[in-house]
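K.L.:
Input structure.tsv, format and content: TSV, C-alpha atoms.
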chain	number	residue	atom	x	y	z
A	1	MET	CA	105.27	-18.67	-19.21
A	2	ALA	CA	106.68	-15.27	-20.11
A	3	ASP	CA	109.77	-16.87	-21.66
A	4	GLU	CA	107.58	-19.20	-23.70
A	5	LYS	CA	105.54	-16.27	-25.03
A	6	LYS	CA	108.72	-14.43	-25.91
A	7	GLU	CA	110.01	-17.44	-27.84
A	8	GLU	CA	106.71	-17.74	-29.69
A	9	SER	CA	106.81	-14.10	-30.68
A	10	VAL	CA	110.31	-14.57	-32.13
A	11	TRP	CA	109.08	-17.38	-34.38
A	12	GLN	CA	106.04	-15.35	-35.35
A	13	LYS	CA	108.22	-12.42	-36.36
A	14	ILE	CA	110.16	-14.73	-38.71
A	15	PHE	CA	107.33	-16.78	-40.18
A	16	GLY	CA	104.27	-14.65	-39.47
A	17	LYS	CA	100.92	-16.35	-38.93
A	18	TYR	CA	102.36	-19.72	-39.97
A	19	ALA	CA	104.38	-19.80	-36.72
A	20	GLU	CA	101.39	-19.46	-34.43
A	21	GLY	CA	101.88	-21.76	-31.45
A	22	LEU	CA	105.48	-22.64	-32.34
A	23	THR	CA	107.91	-23.15	-29.47
A	24	THR	CA	111.65	-23.77	-29.48
A	25	GLU	CA	111.10	-27.24	-28.05
A	26	TYR	CA	108.72	-28.09	-30.89
A	27	VAL	CA	111.13	-26.84	-33.58
A	28	VAL	CA	114.09	-28.72	-32.08
A	29	ARG	CA	112.07	-31.93	-31.85
A	30	GLU	CA	110.88	-31.65	-35.46
A	31	VAL	CA	114.40	-30.98	-36.77
A	32	LEU	CA	115.80	-33.95	-34.86
A	33	LEU	CA	112.97	-36.16	-36.10
A	34	GLY	CA	113.76	-35.06	-39.65
A	35	LEU	CA	117.39	-36.07	-39.19
A	36	THR	CA	116.33	-39.39	-37.70
A	37	ILE	CA	114.00	-40.19	-40.57
A	38	CYS	CA	116.76	-39.24	-43.01
A	39	PHE	CA	119.13	-41.71	-41.35
A	40	ALA	CA	116.42	-44.38	-41.40
A	41	GLN	CA	115.39	-43.77	-45.01
A	42	ILE	CA	118.89	-44.26	-46.47
A	43	PRO	CA	119.38	-47.94	-45.55
A	44	GLU	CA	115.69	-48.59	-46.06
A	45	SER	CA	115.78	-47.17	-49.60
A	46	VAL	CA	118.92	-49.17	-50.43
A	47	ALA	CA	117.20	-52.35	-49.23
A	48	PHE	CA	114.12	-51.58	-51.34
A	49	ALA	CA	116.35	-50.99	-54.37
A	50	PHE	CA	117.83	-54.47	-53.98
A	51	MET	CA	114.32	-55.86	-53.57
A	52	ALA	CA	113.19	-54.12	-56.78
A	53	ASN	CA	116.31	-55.22	-58.72
A	54	ILE	CA	117.43	-51.66	-59.41
A	55	LYS	CA	120.41	-49.52	-58.42
A	56	PRO	CA	120.22	-47.76	-55.02
A	57	PRO	CA	120.35	-44.17	-56.40
A	58	ILE	CA	117.01	-44.76	-58.15
A	59	ALA	CA	115.35	-45.46	-54.80
A	60	LEU	CA	117.27	-42.77	-52.91
A	61	HIS	CA	116.21	-40.03	-55.32
A	62	ALA	CA	112.63	-41.26	-55.09
A	63	ALA	CA	112.81	-41.05	-51.29
A	64	TRP	CA	113.71	-37.37	-51.10
A	65	ILE	CA	111.62	-36.24	-54.07
A	66	VAL	CA	108.44	-37.96	-52.87
A	67	GLY	CA	109.19	-37.08	-49.25
A	68	PHE	CA	109.70	-33.38	-49.93
A	69	ILE	CA	106.66	-32.85	-52.15
A	70	CYS	CA	104.26	-34.83	-49.98
A	71	SER	CA	105.51	-33.15	-46.79
A	72	ALA	CA	105.13	-29.68	-48.32
A	73	PHE	CA	101.76	-30.19	-49.99
A	74	GLY	CA	100.27	-33.30	-48.36
A	75	GLY	CA	97.00	-33.53	-46.51
A	76	ARG	CA	98.06	-34.13	-42.92
A	77	PRO	CA	100.94	-33.71	-40.42
A	78	GLY	CA	102.91	-36.67	-39.11
A	79	MET	CA	103.13	-38.40	-42.50
A	80	VAL	CA	106.46	-39.43	-44.02
A	81	ASN	CA	106.83	-40.42	-47.66
A	82	GLY	CA	109.47	-42.17	-49.71
A	83	ALA	CA	110.46	-45.38	-51.47
A	84	THR	CA	108.56	-48.31	-49.96
A	85	GLY	CA	108.52	-52.09	-49.86
A	86	ALA	CA	105.09	-52.24	-51.50
A	87	PHE	CA	106.38	-50.39	-54.57
A	88	ALA	CA	109.59	-52.44	-54.56
A	89	ALA	CA	107.63	-55.71	-54.49
A	90	ILE	CA	105.63	-54.70	-57.56
A	91	VAL	CA	108.65	-53.35	-59.44
A	92	GLY	CA	110.60	-56.51	-58.64
A	93	THR	CA	108.01	-58.64	-60.44
A	94	PHE	CA	108.54	-56.68	-63.67
A	95	ILE	CA	112.35	-56.34	-63.51
A	96	PRO	CA	114.39	-59.57	-63.33
A	97	PRO	CA	117.41	-59.70	-60.99
A	98	ALA	CA	120.81	-58.79	-62.43
A	99	GLY	CA	122.97	-59.07	-59.34
A	100	THR	CA	122.87	-57.03	-56.13
A	101	GLY	CA	123.16	-53.33	-56.82
A	102	ASN	CA	122.57	-53.58	-60.57
A	103	ASN	CA	119.64	-52.66	-62.81
A	104	GLY	CA	117.66	-55.56	-64.17
A	105	GLU	CA	116.47	-55.79	-67.76
A	106	GLY	CA	113.59	-53.45	-68.55
A	107	VAL	CA	114.38	-50.86	-65.89
A	108	GLU	CA	113.70	-48.11	-68.43
A	109	LEU	CA	110.01	-49.06	-68.36
A	110	LEU	CA	109.85	-48.28	-64.65
A	111	PHE	CA	110.02	-44.50	-65.01
A	112	PRO	CA	107.06	-43.95	-67.36
A	113	SER	CA	105.15	-46.48	-65.21
A	114	VAL	CA	105.75	-44.36	-62.13
A	115	MET	CA	104.66	-41.24	-64.04
A	116	LEU	CA	101.48	-43.03	-65.16
A	117	ALA	CA	100.83	-44.07	-61.55
A	118	GLY	CA	101.23	-40.46	-60.47
A	119	LEU	CA	98.80	-39.29	-63.15
A	120	LEU	CA	96.23	-41.88	-62.05
A	121	MET	CA	96.64	-40.76	-58.42
A	122	VAL	CA	95.82	-37.21	-59.49
A	123	VAL	CA	92.68	-38.56	-61.16
A	124	VAL	CA	91.77	-40.41	-57.94
A	125	SER	CA	92.16	-37.16	-56.01
A	126	VAL	CA	90.19	-35.02	-58.47
A	127	THR	CA	87.31	-37.52	-58.55
A	128	LYS	CA	87.40	-37.73	-54.70
A	129	LEU	CA	87.60	-41.52	-54.69
A	130	SER	CA	89.69	-41.38	-51.50
A	131	ARG	CA	86.51	-40.97	-49.43
A	132	PHE	CA	85.71	-44.65	-49.96
A	133	ILE	CA	88.57	-45.56	-47.61
A	134	THR	CA	86.09	-44.93	-44.78
A	135	LEU	CA	84.16	-48.02	-45.90
A	136	LEU	CA	86.98	-50.30	-44.77
A	137	PRO	CA	86.03	-52.17	-41.57
A	138	SER	CA	88.23	-51.89	-38.48
A	139	PRO	CA	89.55	-55.51	-38.71
A	140	VAL	CA	91.04	-54.65	-42.11
A	141	MET	CA	93.03	-51.81	-40.57
A	142	LEU	CA	94.18	-54.10	-37.76
A	143	GLY	CA	95.20	-56.80	-40.22
A	144	PHE	CA	96.96	-54.21	-42.37
A	145	CYS	CA	99.12	-53.01	-39.45
A	146	ASN	CA	99.88	-56.52	-38.18
A	147	GLY	CA	100.70	-57.73	-41.67
A	148	LEU	CA	103.07	-54.82	-42.22
A	149	ALA	CA	104.72	-55.51	-38.86
A	150	ILE	CA	105.39	-59.11	-39.90
A	151	VAL	CA	106.70	-58.14	-43.33
A	152	ILE	CA	108.94	-55.39	-41.91
A	153	GLY	CA	110.20	-57.75	-39.20
A	154	LEU	CA	111.06	-60.52	-41.66
A	155	SER	CA	112.80	-58.05	-43.96
A	156	GLN	CA	115.23	-57.22	-41.14
A	157	LEU	CA	116.56	-60.78	-40.99
A	158	HIS	CA	118.49	-60.85	-44.29
A	159	PRO	CA	121.53	-58.94	-42.91
A	160	PHE	CA	122.03	-61.81	-40.47
A	161	GLU	CA	122.49	-64.23	-43.39
A	162	ASP	CA	125.73	-64.84	-45.28
A	163	PRO	CA	125.17	-63.50	-48.85
A	164	LYS	CA	127.24	-66.33	-50.32
A	165	THR	CA	125.97	-69.37	-48.42
A	166	HIS	CA	122.53	-67.95	-47.46
A	167	HIS	CA	123.01	-69.50	-44.01
A	168	TRP	CA	123.04	-67.62	-40.73
A	169	LYS	CA	126.27	-65.79	-39.98
A	170	GLU	CA	128.43	-67.16	-37.20
A	171	GLY	CA	131.13	-66.08	-34.77
A	172	ALA	CA	131.95	-62.60	-33.55
A	173	GLU	CA	130.12	-60.82	-36.36
A	174	MET	CA	126.79	-62.42	-35.45
A	175	ILE	CA	127.34	-61.70	-31.75
A	176	TRP	CA	128.11	-58.03	-32.36
A	177	MET	CA	125.16	-57.69	-34.73
A	178	LEU	CA	122.84	-59.01	-32.02
A	179	VAL	CA	124.42	-56.66	-29.43
A	180	ILE	CA	123.88	-53.64	-31.69
A	181	CYS	CA	120.36	-54.77	-32.60
A	182	PHE	CA	119.14	-55.31	-29.03
A	183	THR	CA	120.90	-52.18	-27.76
A	184	ALA	CA	119.07	-50.06	-30.36
A	185	MET	CA	115.78	-51.75	-29.49
A	186	GLY	CA	116.33	-51.14	-25.79
A	187	VAL	CA	117.19	-47.47	-26.34
A	188	MET	CA	114.05	-46.89	-28.41
A	189	GLU	CA	111.83	-48.61	-25.86
A	190	LEU	CA	113.30	-47.46	-22.54
A	191	VAL	CA	114.75	-43.98	-23.08
A	192	PRO	CA	111.33	-42.25	-23.56
A	193	LYS	CA	110.33	-43.59	-20.14
A	194	LEU	CA	113.19	-41.87	-18.32
A	195	PRO	CA	112.06	-38.86	-16.23
A	196	PHE	CA	114.27	-36.30	-17.98
A	197	LYS	CA	112.98	-33.50	-20.19
A	198	ILE	CA	115.81	-33.84	-22.71
A	199	PHE	CA	114.56	-37.29	-23.69
A	200	LYS	CA	111.20	-35.77	-24.48
A	201	VAL	CA	112.89	-33.53	-27.05
A	202	ILE	CA	115.53	-35.83	-28.57
A	203	PRO	CA	113.84	-38.74	-30.42
A	204	SER	CA	114.73	-42.14	-29.00
A	205	SER	CA	115.10	-43.45	-32.56
A	206	LEU	CA	117.92	-40.93	-33.17
A	207	LEU	CA	119.62	-42.02	-29.96
A	208	ALA	CA	119.29	-45.64	-31.09
A	209	ILE	CA	121.08	-44.85	-34.36
A	210	ILE	CA	123.83	-42.96	-32.51
A	211	SER	CA	124.28	-45.83	-30.05
A	212	ALA	CA	124.65	-48.31	-32.91
A	213	ILE	CA	127.29	-46.15	-34.62
A	214	VAL	CA	129.22	-45.69	-31.36
A	215	ILE	CA	129.23	-49.41	-30.62
A	216	GLU	CA	130.40	-50.25	-34.16
A	217	PHE	CA	133.25	-47.76	-34.46
A	218	ALA	CA	134.30	-47.33	-30.83
A	219	LEU	CA	134.00	-50.92	-29.68
A	220	VAL	CA	133.54	-53.48	-32.46
A	221	ARG	CA	136.26	-52.17	-34.81
A	222	ASN	CA	138.73	-51.80	-31.91
A	223	THR	CA	138.34	-55.48	-31.01
A	224	GLY	CA	139.34	-56.62	-34.49
A	225	SER	CA	135.79	-57.40	-35.62
A	226	ARG	CA	133.33	-55.54	-37.82
A	227	THR	CA	129.75	-55.63	-39.05
A	228	ALA	CA	128.58	-54.53	-42.49
A	229	THR	CA	127.70	-50.87	-42.98
A	230	ILE	CA	125.79	-49.19	-45.81
A	231	ARG	CA	129.08	-48.33	-47.51
A	232	ASP	CA	129.99	-52.02	-47.62
A	233	VAL	CA	126.71	-52.79	-49.38
A	234	SER	CA	126.53	-49.85	-51.80
A	235	GLU	CA	129.09	-47.06	-52.04
A	236	PHE	CA	127.70	-43.74	-53.28
A	237	THR	CA	129.51	-41.46	-55.73
A	238	LEU	CA	129.06	-37.92	-57.07
A	239	ASP	CA	128.17	-39.31	-60.52
A	240	THR	CA	124.66	-40.19	-59.34
A	241	ALA	CA	124.30	-37.60	-56.56
A	242	PHE	CA	121.84	-35.46	-58.53
A	243	PRO	CA	118.73	-36.70	-60.38
A	244	ILE	CA	118.35	-36.10	-64.10
A	245	PRO	CA	115.48	-36.86	-66.50
A	246	PHE	CA	115.53	-40.57	-67.30
A	247	PHE	CA	115.77	-39.95	-71.06
A	248	VAL	CA	119.00	-37.93	-70.71
A	249	SER	CA	122.15	-40.05	-71.06
A	250	THR	CA	125.33	-39.37	-69.10
A	251	GLU	CA	128.53	-41.31	-68.48
A	252	ALA	CA	127.13	-42.66	-65.21
A	253	VAL	CA	123.47	-43.19	-66.20
A	254	SER	CA	122.13	-44.34	-69.56
A	255	TYR	CA	119.02	-46.33	-70.43
A	256	ASP	CA	117.96	-48.13	-73.60
A	257	LEU	CA	114.65	-46.44	-74.47
A	258	SER	CA	113.98	-48.40	-77.64
A	259	SER	CA	111.45	-50.66	-75.89
A	260	LEU	CA	109.23	-47.82	-74.65
A	261	LEU	CA	107.11	-47.60	-77.80
A	262	THR	CA	106.83	-51.33	-78.48
A	263	GLY	CA	103.57	-53.15	-77.82
A	264	ASP	CA	105.09	-55.22	-75.03
A	265	GLY	CA	106.70	-52.15	-73.46
A	266	ILE	CA	103.50	-50.11	-73.52
A	267	SER	CA	101.48	-52.94	-71.98
A	268	LYS	CA	104.01	-53.37	-69.16
A	269	ILE	CA	104.00	-49.63	-68.49
A	270	ILE	CA	100.19	-49.54	-68.26
A	271	VAL	CA	99.88	-52.65	-66.07
A	272	GLN	CA	102.71	-51.63	-63.75
A	273	GLY	CA	101.38	-48.06	-63.52
A	274	ILE	CA	97.90	-49.26	-62.56
A	275	PHE	CA	99.28	-51.59	-59.88
A	276	LEU	CA	101.51	-48.88	-58.43
A	277	CYS	CA	98.59	-46.43	-58.34
A	278	MET	CA	96.26	-48.89	-56.62
A	279	VAL	CA	98.78	-49.99	-54.01
A	280	GLY	CA	100.08	-46.47	-53.42
A	281	SER	CA	96.66	-44.88	-53.05
A	282	ILE	CA	95.00	-47.55	-50.93
A	283	GLU	CA	97.92	-48.22	-48.58
A	284	SER	CA	98.69	-44.52	-48.14
A	285	LEU	CA	95.10	-43.75	-47.20
A	286	MET	CA	95.08	-46.69	-44.79
A	287	THR	CA	98.35	-45.49	-43.28
A	288	ALA	CA	96.86	-42.00	-42.94
A	289	GLU	CA	93.97	-43.53	-40.99
A	290	VAL	CA	96.48	-45.22	-38.68
A	291	VAL	CA	98.34	-41.94	-38.17
A	292	GLU	CA	95.04	-40.25	-37.32
A	293	SER	CA	94.63	-42.74	-34.48
A	294	PHE	CA	98.03	-41.57	-33.16
A	295	THR	CA	97.71	-37.82	-33.62
A	296	LYS	CA	93.93	-37.49	-33.15
A	297	GLU	CA	93.94	-34.96	-35.99
A	298	PRO	CA	91.83	-35.47	-39.13
A	299	GLY	CA	93.58	-35.37	-42.50
A	300	ASN	CA	92.60	-34.56	-46.07
A	301	GLY	CA	92.67	-37.77	-48.11
A	302	ASP	CA	92.16	-36.09	-51.48
A	303	ARG	CA	95.00	-33.67	-50.84
A	304	THR	CA	97.21	-36.52	-49.66
A	305	VAL	CA	96.69	-38.50	-52.87
A	306	MET	CA	97.07	-35.37	-55.00
A	307	ALA	CA	100.46	-34.57	-53.47
A	308	MET	CA	101.53	-38.18	-53.86
A	309	GLY	CA	100.47	-38.15	-57.52
A	310	ALA	CA	102.48	-35.00	-58.23
A	311	ALA	CA	105.46	-36.45	-56.37
A	312	ASN	CA	105.41	-39.66	-58.42
A	313	LEU	CA	105.08	-37.72	-61.66
A	314	LEU	CA	108.25	-35.79	-60.83
A	315	SER	CA	110.03	-38.83	-59.39
A	316	GLY	CA	109.45	-40.89	-62.53
A	317	PHE	CA	110.48	-37.99	-64.76
A	318	LEU	CA	113.78	-37.66	-62.83
A	319	GLY	CA	114.54	-41.36	-62.90
A	320	GLY	CA	113.18	-42.39	-59.50
A	321	MET	CA	111.19	-45.48	-58.54
A	322	GLY	CA	108.35	-43.49	-56.98
A	323	GLY	CA	106.90	-44.11	-53.57
A	324	ARG	CA	104.18	-43.61	-51.02
A	325	LYS	CA	103.91	-43.43	-47.23
A	326	PRO	CA	106.23	-45.98	-45.57
A	327	THR	CA	104.78	-47.14	-42.27
A	328	GLY	CA	108.15	-47.60	-40.58
A	329	ALA	CA	109.21	-43.98	-41.09
A	330	ARG	CA	105.73	-42.82	-40.14
A	331	ALA	CA	106.04	-44.74	-36.87
A	332	ILE	CA	109.32	-42.92	-36.14
A	333	ALA	CA	107.65	-39.56	-36.77
A	334	THR	CA	104.52	-40.13	-34.73
A	335	GLY	CA	106.35	-42.06	-32.06
A	336	GLY	CA	108.71	-39.12	-31.65
A	337	GLY	CA	105.84	-36.71	-31.19
A	338	SER	CA	105.56	-35.24	-34.69
What is this structure when it is put down as structure tokens?
P.N.:
Amino acid sequence: MADEKKEESVWQKIFGKYAEGLTTEYVVREVLLGLTICFAQIPESVAFAFMANIKPPIALHAAWIVGFICSAFGGRPGMVNGATGAFAAIVGTFIPPAGTGNNGEGVELLFPSVMLAGLLMVVVSVTKLSRFITLLPSPVMLGFCNGLAIVIGLSQLHPFEDPKTHHWKEGAEMIWMLVICFTAMGVMELVPKLPFKIFKVIPSSLLAIISAIVIEFALVRNTGSRTATIRDVSEFTLDTAFPIPFFVSTEAVSYDLSSLLTGDGISKIIVQGIFLCMVGSIESLMTAEVVESFTKEPGNGDRTVMAMGAANLLSGFLGGMGGRKPTGARAIATGGGS
């Protein structure tokens, strides 16, 4: 007990009153959870970019911009924000496909749409419309979670398909993919149940990622086989490593902005912005309610939507696809004790 008090006083000396109740175990767990969510968000954002018919950097920049702002200024702990499937599904209906990893026609309309969605979210927060989320009956919340589980589960099946034939993969690659998949699932499910304190600190989701990497590069590659990695799907370069305003042209990024002020362009921006605002606000508030059932701590819905609105305003301005609270990453955070 004395050691614990001493550790708390050290944190309090560094961060003052904001460190009240902090322990070394808590800080280590939160840092490891942050790393885990980072690892999870990268492939997830790339997948959402393909779903939205845009280039992966657009979704990746949205993930960290939205995630940082909402984490710093949001209305409750345990929430993770970034590019999401709900946003990608809407964006994909406005941008036609142009091949995996490429921007579809009309991508330049996405950024002002995201900014409009952010502005509308701020309006929702200021007018305190978020309080109406409490009117949703319990079966809606249950259906929301089950529906998301089905959608997320189905979205994990496409890597098992051959991109050329669209049939299931065969041979050693499929076998190793299943081995890695079930090993990661087993680690996430069983490790937290082991009676060792270290597994209460290190998130099982991080251990699952590490186990998958070890199997791939220490076992699979040494047997002459391989499974696809993120680099095989989309290689990242320094040209797009930093976000820039979408109206600034560079050698790596340039958009045709001539359609922004046309009647058709303005109508698409307004419609897409309204849809993104509605989906982002409603689903984020519902997700916050689910997190509350995990953490048993009440949140501030208006502050949550306000932070999300500001994040989308900045994300759209810097050429990102925007985002909200992804349930998968939230499950990692709350499941790890955040």
K.L.:
Of the residues A:Leu178, A:Gly85, A:Glu283, A:Thr24, which is the one nearest to A:Gly301, using only C-alpha atoms?
P.N.:
A:Glu283
K.L.:
Could you check how far atom CA of A:Phe160 sits from atom CA of A:Ala40, in Å to one decimal?
P.N.:
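Result for atom CA of A:Phe160 versus atom CA of A:Ala40: 18.3 Å, one decimal.
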K.L.:
In Å, how far is it from atom CA of A:Leu318 to atom CA of A:Phe236?
P.N.:
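Pair atom CA of A:Leu318 / atom CA of A:Phe236 returns 17.9 Å.
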K.L.:
Find the smallest box with edges along x, y and z containing every listed atom of stretch 219-227 of chain A, then add 3 Å on each side and report centre and edge lengths in Å to one decimal, as JSON.
P.N.:
{"center_x": 134.5, "center_y": -54.2, "center_z": -34.4, "size_x": 15.6, "size_y": 12.5, "size_z": 15.4}
K.L.:
Of the candidates A:Gly320, A:Leu120, A:Met185, A:Ala59, which one gets nearest to A:Pro43 if we count all atoms listed in the file?
P.N.:
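The answer is A:Ala59, which sits nearest to A:Pro43.
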K.L.:
Neighbouring residues of A:Phe246 were defined as those with any atom within 9 Å, considering only C-alpha atoms; residues of the same chain fewer than 4 positions away were excluded. Please report them as a PyMOL selection string.
P.N.:
chain A and resi 108+111+253-255+316-320
K.L.:
If you measure from atom CA of A:Gly74 to atom CA of A:Gly323, what distance in Å do you get, rounded to one decimal?
P.N.:
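Result for atom CA of A:Gly74 versus atom CA of A:Gly323: 13.7 Å, one decimal.
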K.L.:
Near A:Ser45, counting all atoms listed in the file, which residues have an atom at most 9 Å away, once you skip same-chain residues fewer than 4 positions from it, shown as a list of chain:residue names?
P.N.:
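Once the nearby chain positions are removed, what remains is A:Ala40, A:Gln41, A:Ala49, A:Phe50, A:Pro56, A:Pro57, A:Ile58, A:Ala59, A:Leu60, A:Ala62, A:Ala63, A:Gly82, A:Ala83, A:Thr84, A:Gly85.
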K.L.:
Counting all atoms listed in the file, which residue out of A:Met177, A:Val124, A:Pro163, A:Glu30 sits closest to A:Arg226?
P.N.:
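Smallest separation from A:Arg226 among the options: A:Met177.
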K.L.:
How would you write as a PyMOL selection string the residues that get within 12 Å of (125.5, -50.5, -47.0) in the file's frame, counting all atoms listed in the file?
P.N.:
chain A and resi 42-47+49-50+56+100-101+159+227-236
K.L.:
Check the smallest atom-to-atom distance from each of A:Leu206, A:Val91, A:Val27, A:Val179 to A:Pro192 using only C-alpha atoms, then report the winner.
P.N.:
A:Leu206
K.L.:
Excluding A:Ile270 and any residue of its chain fewer than 5 positions from it, enumerate the residues within 10 Å of it, using all atoms listed in the file, and give them as a list of chain:residue names.
P.N.:
A:Leu109, A:Pro112, A:Ser113, A:Val114, A:Leu116, A:Ala117, A:Gly265, A:Phe275, A:Leu276
K.L.:
Hey, which of A:Gly171, A:Ser315, A:Ser284, A:Lys268 ends up closest to A:Met141? Count only C-alpha atoms.
P.N.:
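Checking each of A:Gly171, A:Ser315, A:Ser284, A:Lys268 against A:Met141, counting only C-alpha atoms, the winner is A:Ser284.
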K.L.:
Point out the residue among A:Phe242, A:Tyr26, A:Trp168, A:Trp64 with the least atom-to-atom distance to A:Phe39, counting only C-alpha atoms.
P.N.:
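Going through A:Phe242, A:Tyr26, A:Trp168, A:Trp64 one by one, the smallest distance to A:Phe39 is for A:Trp64.
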K.L.:
Give as a PyMOL selection string every residue, naming chains and numbers as the document does, that has an atom within 12 Å of (105.2, -60.4, -66.1), counting only C-alpha atoms.
P.N.:
chain A and resi 90-96+106+264-265+267-269+271-272
